[in-house]
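Visitor: If you scroll down you'll find the structure; I have some questions about it.
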Amino acid sequence: MTIDIIAAARQVLQLRYWQHLLNEDLKQKRFRVPVHLAMGHEALAVAVSAAMSESDQMALTHRNVAYNLARAGSLGPVRLEYESSAAGAAAGVLGSMNLINPKRGIVYTSSILGNNLPVACGLAMARITGGERSVVFALTGDGALEEGAFYESLVFARSHDLPVVFVVENNDHSLASKIAERRCAIRIPSLCDALGIQYTLLEGNHTGEYCATMSAVRRYAFDSGPVCVEAMVATFSNHAGPTPGWASDPKTISIERGLVIEESQRDPVWVARQILDPADYELTSDYLIRLGKSLSGGELTKEEPCLTISAK
Ligand SMILES: Cc1ncc(C[n+]2csc(CCOP(=O)(O)OP(=O)(O)O)c2C)c(N)n1
Ligand SMILES: [Mg+2]
């Protein structure tokens, strides 16, 4: 697989931009459903989405927005879904926490922690018994892996060598609690080693590296069986709701600062901007006008807001 690291970095910016718009919507209470933003998860979402083949599937969690945006390739249907509109991605019926997009491989999303993991195993097994070859990506969090379903799914997947990629998004948070505040450490590499499951760590948010690793991991799962990827992520938001958004939140995000939230490797947008030459993208005035409309609290256009990242 050839990886276009510039294109991948632009996608990271795109995902941040769309979430920025959703964040502004949330601040203005435009949605009746709670939305779990995933600012900070963009590099991982781009890499997982890029690694998927046409027939691969995904089973997601409550924090699915980056994946839904990456797979849909646009904001419009997702935003309309959050508005409970009949024109939304799921006719306004599923909202945020259970949003799927079967045409793009997102076949299951659950707000019940750990619940998507055995479902992912079932999906993979059904494919095998049906004679089809593909991979299922199952997302989970450092909180959800405390559910017995995580362990049971690893055992089941390994017992049948199912082509499942378990992706743990470790943001050291479950609601407002850090891992050390709520449980003992779980050494996932040791757990995987005990079960004979391949383990891979992702950190640093280099999208090109993430894409290459995810592609290799997918290949391994396709050929040999389950893999567990632990990705260290910083979630730059409160558990659900707008961020930066609360008066007490010190974090800021703006076009002027190029959508960067934190100048460190914890922020995939900051990392992407180290790769991108200013000639690789341009925040056009069209973009600023559209965003300005959205921020002014004035009438929100239903048309697709689009970050124009064009070569100068
Ligand atoms: C079985 C179950 N228990 C509790 C909850 C309530 N709950 C929703 S999200 C969440 C925290 C999840 O943490 P994590 O899996 O790490 O995901 P993150 O929100 O950090 O991305 C909890 C406890 C739930 N949805 N399902
Ligand atoms: Mg977490």
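Identifiers for the structure tokens are assigned positionally: chains receive A, B, ... in sequence, residues are indexed from 1 per chain, and ligands are indexed from 1 in the order shown.
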Using only C-alpha atoms and all ligand atoms, which protein or nucleic acid residues are at most 7 Å from ligand 2, as a PyMOL selection string?
Guide: chain A and resi 141-143+169-174
Visitor: Can I get the residues close to ligand 1 as a PyMOL selection string, where close means within 9 Å and we count only C-alpha atoms and all ligand atoms?
Guide: chain A and resi 36-38+61-64+110-115+140-147+168-177+179+235+239-240
Visitor: So, counting only C-alpha atoms, which residue among A:Ala180, A:Met97, A:Ala234, A:Leu21 is closest to Ser254 (chain A)?
Guide: A:Leu21
Visitor: I need the strand (DSSP E) residues of region 109-278 of chain A per DSSP on the backbone, written as a CSV table (one decimal) with C-alpha atoms, in the first residue's frame.
Guide:
```csv
chain,number,residue,atom,x,y,z
A,109,THR,CA,-22.2,1.0,16.9
A,136,VAL,CA,-13.5,-6.4,11.3
A,137,PHE,CA,-12.2,-3.4,13.2
A,138,ALA,CA,-13.5,-3.2,16.8
A,139,LEU,CA,-13.0,0.0,18.6
A,140,THR,CA,-12.9,0.3,22.4
A,141,GLY,CA,-11.7,2.5,25.2
A,164,VAL,CA,-10.5,-8.9,14.1
A,165,VAL,CA,-8.4,-5.8,14.8
A,166,PHE,CA,-9.2,-4.7,18.4
A,167,VAL,CA,-8.3,-1.0,18.7
A,168,VAL,CA,-8.1,0.3,22.2
A,169,GLU,CA,-8.2,4.1,22.4
A,170,ASN,CA,-6.4,4.8,25.6
A,198,GLN,CA,-0.3,-9.8,18.4
A,199,TYR,CA,0.0,-6.5,20.1
A,200,THR,CA,0.9,-3.1,18.6
A,201,LEU,CA,1.3,0.3,20.3
A,202,LEU,CA,0.6,3.5,18.5
A,227,VAL,CA,-4.5,-8.3,16.6
A,228,CYS,CA,-4.8,-5.7,19.4
A,229,VAL,CA,-3.7,-2.2,18.8
A,230,GLU,CA,-3.4,0.2,21.7
A,231,ALA,CA,-3.4,3.8,20.7
A,232,MET,CA,-2.5,6.5,23.2
```
Visitor: For Leu44 (chain A), which residue among A:Asp277, A:Asp267, A:Asp249, A:Glu152 is the nearest when counting only C-alpha atoms?
Guide: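 Ranking A:Asp277, A:Asp267, A:Asp249, A:Glu152 by distance to Leu44 (chain A), first place goes to A:Asp267.
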Visitor: Which residue gives the smallest distance to Pro268 (chain A) among A:Pro189, A:Pro250, A:Gly204, A:Gly130, with only C-alpha atoms counted?
Guide: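 The answer is A:Gly204, which sits nearest to Pro268 (chain A).
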Visitor: Choose the residue, out of A:Ala66, A:Leu162, A:Ile6, A:Met39, that has the smallest atom-to-atom separation from Arg218 (chain A); count only C-alpha atoms.
Guide: A:Leu162
Visitor: Between A:Leu75, A:Val12, A:Leu123, A:Ile3, single out the one closest to Val271 (chain A), counting only C-alpha atoms.
Guide: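 Closest to Val271 (chain A) of all the choices is A:Val12.
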Visitor: Fewer than 5 positions away in the same chain doesn't count, so skip those; otherwise give me all residues within 12 Å of Glu54 (chain A), counting only C-alpha atoms, as a PyMOL selection string.
Guide: chain A and resi 49+71+102-106+133-136
Visitor: Per DSSP on the backbone, what are the alpha helix (DSSP H) residues of region 77-301 of chain A, as a count of residues only?
Guide: 81
Visitor: Contacts between region 77-91 of chain A and region 18-51 of chain A, please, where a residue of region 18-51 of chain A counts if it comes within 10 Å (with only C-alpha atoms); show its shortest atom pair and distance in Å to one decimal, rows by chain and ascending number, as CSV.
Guide:
```
residue,atom,partner,partner_atom,distance
A:Trp18,CA,A:Arg79,CA,9.2
A:Gln19,CA,A:Arg79,CA,9.8
A:Leu21,CA,A:Arg79,CA,9.2
A:Leu22,CA,A:Arg79,CA,7.2
A:Asp25,CA,A:Arg79,CA,9.0
A:Leu26,CA,A:Tyr82,CA,9.9
A:Arg30,CA,A:Glu83,CA,6.9
A:Phe31,CA,A:Glu83,CA,5.2
A:Arg32,CA,A:Glu83,CA,7.0
A:Val33,CA,A:Tyr82,CA,6.4
A:Pro34,CA,A:Tyr82,CA,8.5
A:Val35,CA,A:Tyr82,CA,7.9
```
Visitor: Would you mind exporting the chosen residues as a short mmCIF file (atom, residue, chain, number, x, y, z; two decimals), in the first residue's frame, restricted to N, CA and C atoms?
Guide:
```
data_model
loop_
_atom_site.label_atom_id
_atom_site.label_comp_id
_atom_site.auth_asym_id
_atom_site.auth_seq_id
_atom_site.Cartn_x
_atom_site.Cartn_y
_atom_site.Cartn_z
N TRP A 18 -14.21 19.64 10.80
CA TRP A 18 -15.62 19.24 10.93
C TRP A 18 -16.02 19.16 12.40
N GLN A 19 -15.14 18.64 13.22
CA GLN A 19 -15.46 18.58 14.65
C GLN A 19 -15.52 19.97 15.27
N LEU A 21 -16.66 22.57 13.79
CA LEU A 21 -18.01 23.06 13.47
C LEU A 21 -19.06 22.41 14.37
N LEU A 22 -18.91 21.11 14.59
CA LEU A 22 -19.87 20.43 15.48
C LEU A 22 -19.77 20.98 16.90
N ASP A 25 -21.71 24.04 17.08
CA ASP A 25 -23.13 23.68 17.16
C ASP A 25 -23.50 23.29 18.59
N LEU A 26 -22.62 22.50 19.21
CA LEU A 26 -22.89 22.03 20.57
C LEU A 26 -22.95 23.20 21.54
N ARG A 30 -27.50 23.10 19.58
CA ARG A 30 -28.30 22.82 18.38
C ARG A 30 -28.76 21.37 18.29
N PHE A 31 -28.16 20.50 19.11
CA PHE A 31 -28.52 19.08 19.03
C PHE A 31 -29.24 18.64 20.30
N ARG A 32 -30.20 17.75 20.12
CA ARG A 32 -30.88 17.20 21.30
C ARG A 32 -30.13 15.97 21.82
N VAL A 33 -29.30 15.38 20.95
CA VAL A 33 -28.57 14.17 21.37
C VAL A 33 -27.19 14.57 21.90
N PRO A 34 -26.67 13.79 22.87
CA PRO A 34 -25.31 14.08 23.34
C PRO A 34 -24.30 13.62 22.29
N VAL A 35 -23.26 14.38 22.11
CA VAL A 35 -22.23 14.01 21.13
C VAL A 35 -20.89 13.91 21.85
#
```
Visitor: Calculated over only C-alpha atoms, which of the candidates A:Asn23, A:Gln57, A:Asn68, A:Thr2 has the smallest distance to Ala126 (chain A)?
Guide: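 Distance minimum relative to Ala126 (chain A) lands on A:Gln57.
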Visitor: Would you mind reading off the distance between CA of Ile275 (chain A) and CA of Ser237 (chain A), one decimal, in Å?
Guide: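 It comes out at 24.6 Å.
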